[in-house]
Number of protein chains: 2
Amino acid sequence: MVTIYDVAKTAGVSIATVSKVLNNTGRISEKTRKKVLCVVKNLDYQPNIMASALMGKKTKTIGLLIPDLANPFFSELARNIEDSAQELGYSLFICSTDYLSEKEHKYISLLRQKNVDGFILASGFEDLQKVEDLIKEDIPVSIVARDFPMFPVNTVAVDDFIGGYQATSYLINLGHENIGIIARDVWSNRERFRGYKQALEENNLKVPSYFEYAEESNIIWGKRITNKYLKHDHAPTAIFACNDLLTIGAIQAAKENGLIVPEQLSVVGFDDTAIATIVDPPLTTIAQPIQVMGREVMKLMIDMIENQKMDKIRVTLMPELVERKSTAKIKREVTS
Amino acid sequence: MVTIYDVAKTAGVSIATVSKVLNNTGRISEKTRKKVLCVVKNLDYQPNIMASALMGKKTKTIGLLIPDLANPFFSELARNIEDSAQELGYSLFICSTDYLSEKEHKYISLLRQKNVDGFILASGFEDLQKVEDLIKEDIPVSIVARDFPMFPVNTVAVDDFIGGYQATSYLINLGHENIGIIARDVWSNRERFRGYKQALEENNLKVPSYFEYAEESNIIWGKRITNKYLKHDHAPTAIFACNDLLTIGAIQAAKENGLIVPEQLSVVGFDDTAIATIVDPPLTTIAQPIQVMGREVMKLMIDMIENQKMDKIRVTLMPELVERKSTAKIKREVTS
DNA sequence: GTGAAAGCGCTAACAG
DNA sequence: CTGTTAGCGCTTTCAC
């Protein structure tokens with residue numbers, strides 16, 4: 001390992017001088033700066049980040065907490081955040097918390113020990129305490145893809161309420177009057193639910209009485225809830241599912257029940273991850289601008305880390321309905 | 001930030017003593033050990049890893065290089081590696097290299113600066129130089145999900161040759177005689193190709209003359225190559241695609257050409273990621289034991305990092321064909 | 001058993 | 001302009 005001492009020695013200067021040229025601090029003659037830089041290159045010297053971190057410098061490292069890296073939405077989000085981070089010279093610790101606050105706490109203290117410059121939380125946990133602690137200790141925190149409404153913290157998220165409203169309105173315009181929803185009992189889904197309800201009410205429609213929450217956001221639960229809904233007398237003719245995985249489960253349940261999507265059951269999803277286009281039929285879904293989200297949240301982080309910008313802002317992105325093949329105009333039954 | 005000095009002071013001992021009880025080194029009386037531990041707990045003291053890293057200790061940090069976090073195979077692999085890592089108290093820097101050796105080099109030197117304890121490479125790059133350098137400098141390296149045949153380095157991978165052989169044999173048993181392959185020109189795919197060729201030759205079958213490599217492992221290229229194959233006089237009745245994404249592309253191309261999968265075109269994939277079950281029809285595919293791969297590669301890393309185990313071993317896992325609905329017995333044309 | 005002191009590689013006053 | 005020096009928080013001899 002080549003250290004600052006090696007550079008200093010072979011350049012014939014002191015380590016202070018080397019440090020100064022490397023950090024662009026103090027005043028250095030052009031001649032020595034050239035020489036030092038040259039030696040640095042020749043020796044392929046890389047400053048030890050641990051050592052400079054000890055002196056209170058940044059580590060150029062950010063902790064990213066997400067619920068599950070194997071979930072396409074979060075892996076795509078992580079990928080976009082990573083791209084922004086990499087451009088800015090930051091590395092990412094990526095951690096999956098499985099929506100468990102226990103794991104979140106563990107990861108947060110683990111990463112704090114490792115002197116991360118800040119945290120990006122997409123973690124979906126409802127427990128604000130840990131976040132408040134971080135903010136109190138002036139550790140940069142940004143929230144992405146979820147929202148803490150009454151909480152001063154940097155946030156970038158899609159407008160879930162509008163997303164739910166869009167999805168539902170679209171279905172209503174298609175002629176559906178009996179629209180089910182599949183959601184988990186987490187903040188973002190509750191907002192989408194509100195939007196759904198709002199659209200319903202504006203059209204004098206109601207949430208089906210048999211509504212129930214899914215316990216996890218996966219295909220299994222999408223299928224399970226849909227199967228239950230389909231068993232009822234007034235089974236829905238359309239379903240709004242709060243993410244693409246749930247939507248796929250809904251389609252699978254429909255198939256099992258002998259229903260053709262979209263002719264006999266319309267479904268609209270949420271997220272627009274890569275899988276939305278590979279299922280059959282491809283999903284009509286509410287697209288989250290994942291790439292923009294990644295970029296914006298990194299921008300906020302950098303502002304906090306490098307520019308000490310400590311005022312909190314909230315970036316709200318607009319979701320967008322993308323029409324594909326999982327929805328259709330309702331066909332009236334002969335009996336009606 | 002509470003330091004070792006704070007602990008020492010309130011426990012009424014020296015920092016050396018605190019360090020000793022925390023690291024279980026030297027000899028400490030049961031009484032002082034108790035006291036120190038108690039103070040540590042009360043103050044919620046967490047040793048600063050940067051500082052101990054400076055003294056030559058491990059950072060409990062590993063760099064994981066993969067081609068693309070948004071690719072389901074790699075995000076699932078990363079997730080499994082992360083789980084093992086987390087159990088062992090390690091954090092992961094996850095980096096996507098896009099198969100670009102330039103990015104790989106950049107990430108490797110960036111992470112070296114950050115004193116990672118080792119590297120797990122799933123990166124799919126063909127350039128061995130950087131890996132050799134790392135090994136020469138005694139930096140633990142393990143390769144996963146790809147293979148460097150003539151190179152002393154810890155490796156865990158599936159037997160790609162056998163996988164290709166299995167897929168092709170299965171298709172042959174179904175009666176197919178005209179079997180195409182979709183592959184990229186990378187090591188693992190070339191091995192699968194070898195297996196495919198072997199199975200073909202054992203049955204006096206040949207690789208179609210119109211074979212060509214895909215340039216990327218995604219749906220687009222799967223579709224593109226399949227479209228080309230389907231245009232030929234002796235279009236294949238079955239296709240073995242070297243990953244699930246390519247397979248999905250093949251299915252899409254078939255649909256566009258008015259062919260029904262599997263009745264008119266059988267396809268078998270590779271990987272068995274989550275998406276294999278959500279497409280229609282669900283994929284018959286060669287399953288890689290992703291979870292085992294993650295666990296095994298972390299085991300190798302830990303052996304190198306914590307037990308200085310420097311002899312290199314290769315763990316070869318067996319792939320397994322899982323039958324679903326994308327393949328069928330061939331129907332002879334009336335003309336034959 | 002315990003503590004004083006040196007030093008890991010680096011930055012930041014402060015002198016000169 | 002450049003170098004000396006004092007730490008950052010920790011581990012590790014080596015005395016006591």
# chains A, B, ... in the order shown; residues from 1 in each chain; ligands from 1
>>> interface_residues(of="chain A", to="chain D", cutoff="7 Å", atoms="only C-alpha atoms (C1' of nucleotides)", output="ChimeraX atom specification")
/A:14,17,27-29,54-55
>>> interface_residues(of="chain B", to="chain A", cutoff="6 Å", atoms="only C-alpha atoms", output="number ranges by chain")
B: 48-50, 69-70, 75-76, 79, 92-93, 113-114, 279-280
>>> residues_around(residues="Ala253 (chain B)", least_positions_apart="6", cutoff="10 Å", atoms="only C-alpha atoms (C1' of nucleotides)", output="PyMOL selection string")
chain B and resi 219-220+222-228+230+247+259
>>> atom_distance(atom1="CA of Val36 (chain B)", atom2="CA of Gln129 (chain A)")
28.2 Å
>>> closest_atom_pairs(of="chain C", to="chain B", cutoff="12 Å", atoms="only C-alpha atoms (C1' of nucleotides)", output="JSON lines")
{"residue": "C:DG1", "atom": "C1'", "partner": "B:Ile28", "partner_atom": "CA", "distance": 5.7}
{"residue": "C:DT2", "atom": "C1'", "partner": "B:Thr17", "partner_atom": "CA", "distance": 6.8}
{"residue": "C:DG3", "atom": "C1'", "partner": "B:Ser14", "partner_atom": "CA", "distance": 6.0}
{"residue": "C:DA4", "atom": "C1'", "partner": "B:Ser14", "partner_atom": "CA", "distance": 9.3}
{"residue": "C:DA5", "atom": "C1'", "partner": "B:Ala16", "partner_atom": "CA", "distance": 10.6}
{"residue": "C:DG7", "atom": "C1'", "partner": "B:Met55", "partner_atom": "CA", "distance": 8.6}
{"residue": "C:DC8", "atom": "C1'", "partner": "B:Met55", "partner_atom": "CA", "distance": 4.8}
{"residue": "C:DG9", "atom": "C1'", "partner": "B:Leu54", "partner_atom": "CA", "distance": 7.4}
{"residue": "C:DC10", "atom": "C1'", "partner": "B:Leu54", "partner_atom": "CA", "distance": 10.3}
>>> select_by_dssp(residues="region 134-274 of chain B", states="strand (DSSP E or B)", output="NGL selection string")
:B and (141-144 or 154-158 or 179-182 or 184 or 214 or 238-241 or 266-271)
>>> write_last_selection(atoms="N, CA, C and O atoms", output="mmCIF file, in the first residue's frame")
data_model
loop_
_atom_site.group_PDB
_atom_site.id
_atom_site.type_symbol
_atom_site.label_atom_id
_atom_site.label_comp_id
_atom_site.auth_asym_id
_atom_site.auth_seq_id
_atom_site.Cartn_x
_atom_site.Cartn_y
_atom_site.Cartn_z
ATOM 1 N N VAL B 141 -10.700 -12.748 -3.224
ATOM 2 C CA VAL B 141 -11.596 -12.628 -4.363
ATOM 3 C C VAL B 141 -12.341 -13.941 -4.561
ATOM 4 O O VAL B 141 -11.732 -15.005 -4.472
ATOM 5 N N SER B 142 -13.617 -13.857 -4.781
ATOM 6 C CA SER B 142 -14.351 -15.050 -5.189
ATOM 7 C C SER B 142 -15.187 -14.720 -6.406
ATOM 8 O O SER B 142 -15.719 -13.624 -6.525
ATOM 9 N N ILE B 143 -15.297 -15.693 -7.245
ATOM 10 C CA ILE B 143 -16.093 -15.540 -8.451
ATOM 11 C C ILE B 143 -17.376 -16.330 -8.273
ATOM 12 O O ILE B 143 -17.353 -17.447 -7.761
ATOM 13 N N VAL B 144 -18.483 -15.740 -8.678
ATOM 14 C CA VAL B 144 -19.730 -16.480 -8.588
ATOM 15 C C VAL B 144 -20.519 -16.336 -9.880
ATOM 16 O O VAL B 144 -20.452 -15.294 -10.534
ATOM 17 N N ASN B 154 -11.116 -18.743 -6.058
ATOM 18 C CA ASN B 154 -12.329 -19.358 -5.525
ATOM 19 C C ASN B 154 -13.494 -19.105 -6.461
ATOM 20 O O ASN B 154 -13.709 -17.987 -6.909
ATOM 21 N N THR B 155 -14.228 -20.144 -6.710
ATOM 22 C CA THR B 155 -15.307 -20.032 -7.679
ATOM 23 C C THR B 155 -16.512 -20.818 -7.210
ATOM 24 O O THR B 155 -16.374 -21.920 -6.704
ATOM 25 N N VAL B 156 -17.691 -20.255 -7.378
ATOM 26 C CA VAL B 156 -18.871 -21.083 -7.274
ATOM 27 C C VAL B 156 -19.763 -20.790 -8.457
ATOM 28 O O VAL B 156 -20.071 -19.648 -8.760
ATOM 29 N N ALA B 157 -20.094 -21.859 -9.137
ATOM 30 C CA ALA B 157 -20.891 -21.704 -10.342
ATOM 31 C C ALA B 157 -21.632 -22.989 -10.630
ATOM 32 O O ALA B 157 -21.311 -24.049 -10.093
ATOM 33 N N VAL B 158 -22.594 -22.846 -11.453
ATOM 34 C CA VAL B 158 -23.360 -23.986 -11.892
ATOM 35 C C VAL B 158 -22.584 -24.626 -13.037
ATOM 36 O O VAL B 158 -21.760 -23.966 -13.686
ATOM 37 N N ILE B 179 -33.230 -27.723 -33.544
ATOM 38 C CA ILE B 179 -33.216 -26.944 -32.298
ATOM 39 C C ILE B 179 -32.262 -25.767 -32.415
ATOM 40 O O ILE B 179 -31.066 -25.952 -32.665
ATOM 41 N N GLY B 180 -32.793 -24.594 -32.230
ATOM 42 C CA GLY B 180 -31.949 -23.413 -32.269
ATOM 43 C C GLY B 180 -31.456 -23.045 -30.886
ATOM 44 O O GLY B 180 -31.968 -23.537 -29.877
ATOM 45 N N ILE B 181 -30.460 -22.166 -30.836
ATOM 46 C CA ILE B 181 -29.963 -21.699 -29.542
ATOM 47 C C ILE B 181 -29.785 -20.191 -29.589
ATOM 48 O O ILE B 181 -29.418 -19.632 -30.633
ATOM 49 N N ILE B 182 -30.105 -19.557 -28.492
ATOM 50 C CA ILE B 182 -29.846 -18.121 -28.375
ATOM 51 C C ILE B 182 -28.851 -17.922 -27.240
ATOM 52 O O ILE B 182 -29.109 -18.333 -26.109
ATOM 53 N N ARG B 184 -25.270 -15.435 -25.721
ATOM 54 C CA ARG B 184 -24.332 -14.326 -25.880
ATOM 55 C C ARG B 184 -22.928 -14.879 -25.916
ATOM 56 O O ARG B 184 -22.665 -15.976 -25.433
ATOM 57 N N ALA B 214 -26.416 -13.313 -29.727
ATOM 58 C CA ALA B 214 -27.113 -12.101 -29.290
ATOM 59 C C ALA B 214 -26.067 -11.161 -28.707
ATOM 60 O O ALA B 214 -25.072 -11.605 -28.154
ATOM 61 N N ALA B 238 -37.789 -25.847 -31.933
ATOM 62 C CA ALA B 238 -37.522 -25.624 -30.510
ATOM 63 C C ALA B 238 -36.312 -24.718 -30.373
ATOM 64 O O ALA B 238 -35.423 -24.720 -31.227
ATOM 65 N N ILE B 239 -36.316 -23.960 -29.307
ATOM 66 C CA ILE B 239 -35.195 -23.055 -29.058
ATOM 67 C C ILE B 239 -34.756 -23.178 -27.612
ATOM 68 O O ILE B 239 -35.573 -23.204 -26.691
ATOM 69 N N PHE B 240 -33.447 -23.290 -27.442
ATOM 70 C CA PHE B 240 -32.865 -23.236 -26.105
ATOM 71 C C PHE B 240 -32.231 -21.852 -25.965
ATOM 72 O O PHE B 240 -31.317 -21.495 -26.699
ATOM 73 N N ALA B 241 -32.763 -21.062 -25.038
ATOM 74 C CA ALA B 241 -32.234 -19.710 -24.849
ATOM 75 C C ALA B 241 -31.447 -19.666 -23.549
ATOM 76 O O ALA B 241 -31.855 -20.256 -22.551
ATOM 77 N N SER B 266 -41.318 -24.888 -29.148
ATOM 78 C CA SER B 266 -40.945 -25.129 -27.755
ATOM 79 C C SER B 266 -39.755 -24.251 -27.395
ATOM 80 O O SER B 266 -38.867 -24.045 -28.225
ATOM 81 N N VAL B 267 -39.762 -23.740 -26.169
ATOM 82 C CA VAL B 267 -38.587 -22.967 -25.733
ATOM 83 C C VAL B 267 -38.198 -23.422 -24.332
ATOM 84 O O VAL B 267 -39.049 -23.679 -23.497
ATOM 85 N N VAL B 268 -36.898 -23.532 -24.115
ATOM 86 C CA VAL B 268 -36.452 -23.748 -22.744
ATOM 87 C C VAL B 268 -35.433 -22.681 -22.388
ATOM 88 O O VAL B 268 -34.634 -22.247 -23.212
ATOM 89 N N GLY B 269 -35.550 -22.225 -21.163
ATOM 90 C CA GLY B 269 -34.724 -21.111 -20.717
ATOM 91 C C GLY B 269 -33.609 -21.547 -19.791
ATOM 92 O O GLY B 269 -33.264 -22.731 -19.714
ATOM 93 N N PHE B 270 -33.039 -20.576 -19.104
ATOM 94 C CA PHE B 270 -31.955 -20.855 -18.167
ATOM 95 C C PHE B 270 -32.025 -19.814 -17.062
ATOM 96 O O PHE B 270 -32.260 -18.638 -17.347
ATOM 97 N N ASP B 271 -31.855 -20.241 -15.833
ATOM 98 C CA ASP B 271 -31.783 -19.414 -14.622
ATOM 99 C C ASP B 271 -32.894 -19.768 -13.639
ATOM 100 O O ASP B 271 -32.647 -19.991 -12.474
#
>>> residues_around(residues="Ile172 (chain A)", least_positions_apart="4", cutoff="10 Å", atoms="only C-alpha atoms (C1' of nucleotides)", output="ChimeraX atom specification")
/A:166-168,176-179,199-200,203,205,238,329-330
>>> write_last_selection(atoms="all heavy atoms", output="mmCIF file, in the first residue's frame")
data_model
loop_
_atom_site.group_PDB
_atom_site.id
_atom_site.type_symbol
_atom_site.label_atom_id
_atom_site.label_comp_id
_atom_site.auth_asym_id
_atom_site.auth_seq_id
_atom_site.Cartn_x
_atom_site.Cartn_y
_atom_site.Cartn_z
ATOM 1 N N GLN A 166 -56.187 8.179 -10.635
ATOM 2 C CA GLN A 166 -56.049 7.939 -12.078
ATOM 3 C C GLN A 166 -56.483 6.535 -12.466
ATOM 4 O O GLN A 166 -57.251 6.337 -13.411
ATOM 5 C CB GLN A 166 -54.580 8.105 -12.505
ATOM 6 C CG GLN A 166 -54.081 9.529 -12.591
ATOM 7 C CD GLN A 166 -52.590 9.564 -12.883
ATOM 8 O OE1 GLN A 166 -51.858 8.629 -12.556
ATOM 9 N NE2 GLN A 166 -52.127 10.648 -13.492
ATOM 10 N N ALA A 167 -55.970 5.577 -11.735
ATOM 11 C CA ALA A 167 -56.267 4.182 -12.042
ATOM 12 C C ALA A 167 -57.771 3.946 -11.992
ATOM 13 O O ALA A 167 -58.363 3.348 -12.905
ATOM 14 C CB ALA A 167 -55.550 3.257 -11.052
ATOM 15 N N THR A 168 -58.370 4.443 -10.937
ATOM 16 C CA THR A 168 -59.786 4.187 -10.719
ATOM 17 C C THR A 168 -60.653 4.938 -11.732
ATOM 18 O O THR A 168 -61.606 4.383 -12.291
ATOM 19 C CB THR A 168 -60.158 4.564 -9.281
ATOM 20 O OG1 THR A 168 -59.188 4.007 -8.379
ATOM 21 C CG2 THR A 168 -61.537 4.049 -8.920
ATOM 22 N N HIS A 176 -66.769 0.557 -15.843
ATOM 23 C CA HIS A 176 -66.849 -0.309 -14.669
ATOM 24 C C HIS A 176 -67.512 0.405 -13.506
ATOM 25 O O HIS A 176 -67.282 1.587 -13.274
ATOM 26 C CB HIS A 176 -65.452 -0.787 -14.267
ATOM 27 C CG HIS A 176 -64.830 -1.678 -15.293
ATOM 28 N ND1 HIS A 176 -65.076 -3.022 -15.366
ATOM 29 C CD2 HIS A 176 -63.997 -1.387 -16.329
ATOM 30 C CE1 HIS A 176 -64.401 -3.541 -16.388
ATOM 31 N NE2 HIS A 176 -63.737 -2.563 -17.000
ATOM 32 N N GLU A 177 -68.328 -0.343 -12.795
ATOM 33 C CA GLU A 177 -69.006 0.250 -11.641
ATOM 34 C C GLU A 177 -68.723 -0.534 -10.379
ATOM 35 O O GLU A 177 -68.989 -0.083 -9.280
ATOM 36 C CB GLU A 177 -70.517 0.291 -11.908
ATOM 37 C CG GLU A 177 -70.850 1.191 -13.087
ATOM 38 C CD GLU A 177 -72.337 1.325 -13.305
ATOM 39 O OE1 GLU A 177 -73.084 0.431 -12.868
ATOM 40 O OE2 GLU A 177 -72.728 2.328 -13.924
ATOM 41 N N ASN A 178 -68.209 -1.711 -10.608
ATOM 42 C CA ASN A 178 -67.914 -2.569 -9.471
ATOM 43 C C ASN A 178 -66.409 -2.848 -9.487
ATOM 44 O O ASN A 178 -65.940 -3.768 -10.138
ATOM 45 C CB ASN A 178 -68.730 -3.853 -9.616
ATOM 46 C CG ASN A 178 -68.735 -4.660 -8.342
ATOM 47 O OD1 ASN A 178 -67.956 -4.387 -7.430
ATOM 48 N ND2 ASN A 178 -69.596 -5.661 -8.280
ATOM 49 N N ILE A 179 -65.699 -2.019 -8.780
ATOM 50 C CA ILE A 179 -64.235 -2.043 -8.866
ATOM 51 C C ILE A 179 -63.621 -2.427 -7.528
ATOM 52 O O ILE A 179 -63.848 -1.755 -6.522
ATOM 53 C CB ILE A 179 -63.702 -0.660 -9.295
ATOM 54 C CG1 ILE A 179 -64.344 -0.257 -10.634
ATOM 55 C CG2 ILE A 179 -62.189 -0.680 -9.392
ATOM 56 C CD1 ILE A 179 -64.028 1.169 -11.050
ATOM 57 N N ALA A 199 -62.228 8.741 -6.344
ATOM 58 C CA ALA A 199 -62.766 8.574 -7.702
ATOM 59 C C ALA A 199 -64.110 7.858 -7.645
ATOM 60 O O ALA A 199 -65.060 8.223 -8.351
ATOM 61 C CB ALA A 199 -61.783 7.786 -8.566
ATOM 62 N N LEU A 200 -64.159 6.864 -6.821
ATOM 63 C CA LEU A 200 -65.405 6.119 -6.653
ATOM 64 C C LEU A 200 -66.534 7.059 -6.206
ATOM 65 O O LEU A 200 -67.617 7.106 -6.801
ATOM 66 C CB LEU A 200 -65.195 5.029 -5.596
ATOM 67 C CG LEU A 200 -65.172 3.546 -6.011
ATOM 68 C CD1 LEU A 200 -64.598 3.331 -7.393
ATOM 69 C CD2 LEU A 200 -64.428 2.718 -4.975
ATOM 70 N N ASN A 203 -68.241 9.394 -8.405
ATOM 71 C CA ASN A 203 -69.151 8.765 -9.354
ATOM 72 C C ASN A 203 -70.246 7.958 -8.650
ATOM 73 O O ASN A 203 -70.842 7.067 -9.241
ATOM 74 C CB ASN A 203 -68.356 7.862 -10.291
ATOM 75 C CG ASN A 203 -67.467 8.659 -11.220
ATOM 76 O OD1 ASN A 203 -67.904 9.095 -12.279
ATOM 77 N ND2 ASN A 203 -66.225 8.884 -10.814
ATOM 78 N N LEU A 205 -70.013 5.697 -6.586
ATOM 79 C CA LEU A 205 -69.713 4.275 -6.483
ATOM 80 C C LEU A 205 -69.175 3.992 -5.085
ATOM 81 O O LEU A 205 -68.754 4.911 -4.375
ATOM 82 C CB LEU A 205 -68.672 3.897 -7.527
ATOM 83 C CG LEU A 205 -69.114 3.348 -8.887
ATOM 84 C CD1 LEU A 205 -70.550 3.735 -9.239
ATOM 85 C CD2 LEU A 205 -68.162 3.800 -9.985
ATOM 86 N N ALA A 238 -63.643 -5.191 -12.346
ATOM 87 C CA ALA A 238 -62.323 -4.593 -12.521
ATOM 88 C C ALA A 238 -61.635 -4.533 -11.174
ATOM 89 O O ALA A 238 -62.284 -4.411 -10.132
ATOM 90 C CB ALA A 238 -62.443 -3.187 -13.105
ATOM 91 N N LYS A 329 -63.174 -2.081 -22.045
ATOM 92 C CA LYS A 329 -64.516 -1.553 -21.784
ATOM 93 C C LYS A 329 -65.373 -2.674 -21.237
ATOM 94 O O LYS A 329 -65.278 -3.826 -21.657
ATOM 95 C CB LYS A 329 -65.135 -1.062 -23.101
ATOM 96 C CG LYS A 329 -64.729 0.328 -23.507
ATOM 97 C CD LYS A 329 -65.948 1.059 -24.069
ATOM 98 C CE LYS A 329 -65.700 2.544 -24.234
ATOM 99 N NZ LYS A 329 -65.180 2.892 -25.561
ATOM 100 N N ILE A 330 -66.224 -2.327 -20.309
ATOM 101 C CA ILE A 330 -67.052 -3.380 -19.735
ATOM 102 C C ILE A 330 -68.106 -3.815 -20.744
ATOM 103 O O ILE A 330 -68.630 -3.012 -21.508
ATOM 104 C CB ILE A 330 -67.716 -2.924 -18.429
ATOM 105 C CG1 ILE A 330 -68.374 -4.126 -17.759
ATOM 106 C CG2 ILE A 330 -68.743 -1.824 -18.692
ATOM 107 C CD1 ILE A 330 -68.636 -3.936 -16.305
#
>>> atom_distance(atom1="CA of Met150 (chain B)", atom2="CA of Phe125 (chain B)")
14.9 Å
>>> atom_distance(atom1="CA of Leu174 (chain B)", atom2="CA of Thr237 (chain B)")
10.7 Å
>>> select_by_dssp(residues="region 154-332 of chain B", states="alpha helix (DSSP H)", output="JSON, numbers by chain")
{"B": [160, 161, 162, 163, 164, 165, 166, 167, 168, 169, 170, 171, 172, 173, 187, 188, 189, 190, 191, 192, 193, 194, 195, 196, 197, 198, 199, 200, 201, 202, 219, 220, 221, 222, 223, 224, 225, 226, 227, 228, 229, 230, 244, 245, 246, 247, 248, 249, 250, 251, 252, 253, 254, 255, 256, 290, 291, 292, 293, 294, 295, 296, 297, 298, 299, 300, 301, 302, 303, 304, 305, 306, 307]}
>>> residues_around(residues="Cys38 (chain A)", least_positions_apart="6", cutoff="10 Å", atoms="only C-alpha atoms (C1' of nucleotides)", output="PyMOL selection string")
chain A and resi 7+11+32+44
>>> decode(residues="region 264-286 of chain A", atoms="C-alpha atoms", output="PDB file, in the first residue's frame")
ATOM      1  CA  GLN A 264     -64.142 -10.486 -18.296  1.00  0.00           C
ATOM      2  CA  LEU A 265     -61.958  -8.833 -15.726  1.00  0.00           C
ATOM      3  CA  SER A 266     -59.965  -5.648 -16.127  1.00  0.00           C
ATOM      4  CA  VAL A 267     -56.947  -5.065 -13.936  1.00  0.00           C
ATOM      5  CA  VAL A 268     -54.715  -2.065 -13.517  1.00  0.00           C
ATOM      6  CA  GLY A 269     -51.466  -2.184 -11.645  1.00  0.00           C
ATOM      7  CA  PHE A 270     -49.010   0.236 -10.118  1.00  0.00           C
ATOM      8  CA  ASP A 271     -45.243   0.797 -10.590  1.00  0.00           C
ATOM      9  CA  ASP A 272     -44.677  -0.167 -14.207  1.00  0.00           C
ATOM     10  CA  THR A 273     -41.635  -2.281 -13.555  1.00  0.00           C
ATOM     11  CA  ALA A 274     -40.082  -4.377 -16.296  1.00  0.00           C
ATOM     12  CA  ILE A 275     -42.395  -7.264 -15.523  1.00  0.00           C
ATOM     13  CA  ALA A 276     -45.448  -5.222 -16.517  1.00  0.00           C
ATOM     14  CA  THR A 277     -44.598  -5.781 -20.162  1.00  0.00           C
ATOM     15  CA  ILE A 278     -43.679  -9.424 -20.021  1.00  0.00           C
ATOM     16  CA  VAL A 279     -46.843 -10.888 -18.586  1.00  0.00           C
ATOM     17  CA  ASP A 280     -49.761 -11.797 -20.734  1.00  0.00           C
ATOM     18  CA  PRO A 281     -51.686  -9.604 -21.146  1.00  0.00           C
ATOM     19  CA  PRO A 282     -49.223  -6.768 -20.639  1.00  0.00           C
ATOM     20  CA  LEU A 283     -50.309  -4.563 -17.795  1.00  0.00           C
ATOM     21  CA  THR A 284     -52.149  -1.305 -17.917  1.00  0.00           C
ATOM     22  CA  THR A 285     -50.500   0.282 -14.940  1.00  0.00           C
ATOM     23  CA  ILE A 286     -49.645   3.493 -13.128  1.00  0.00           C
TER      24      ILE A 286
END
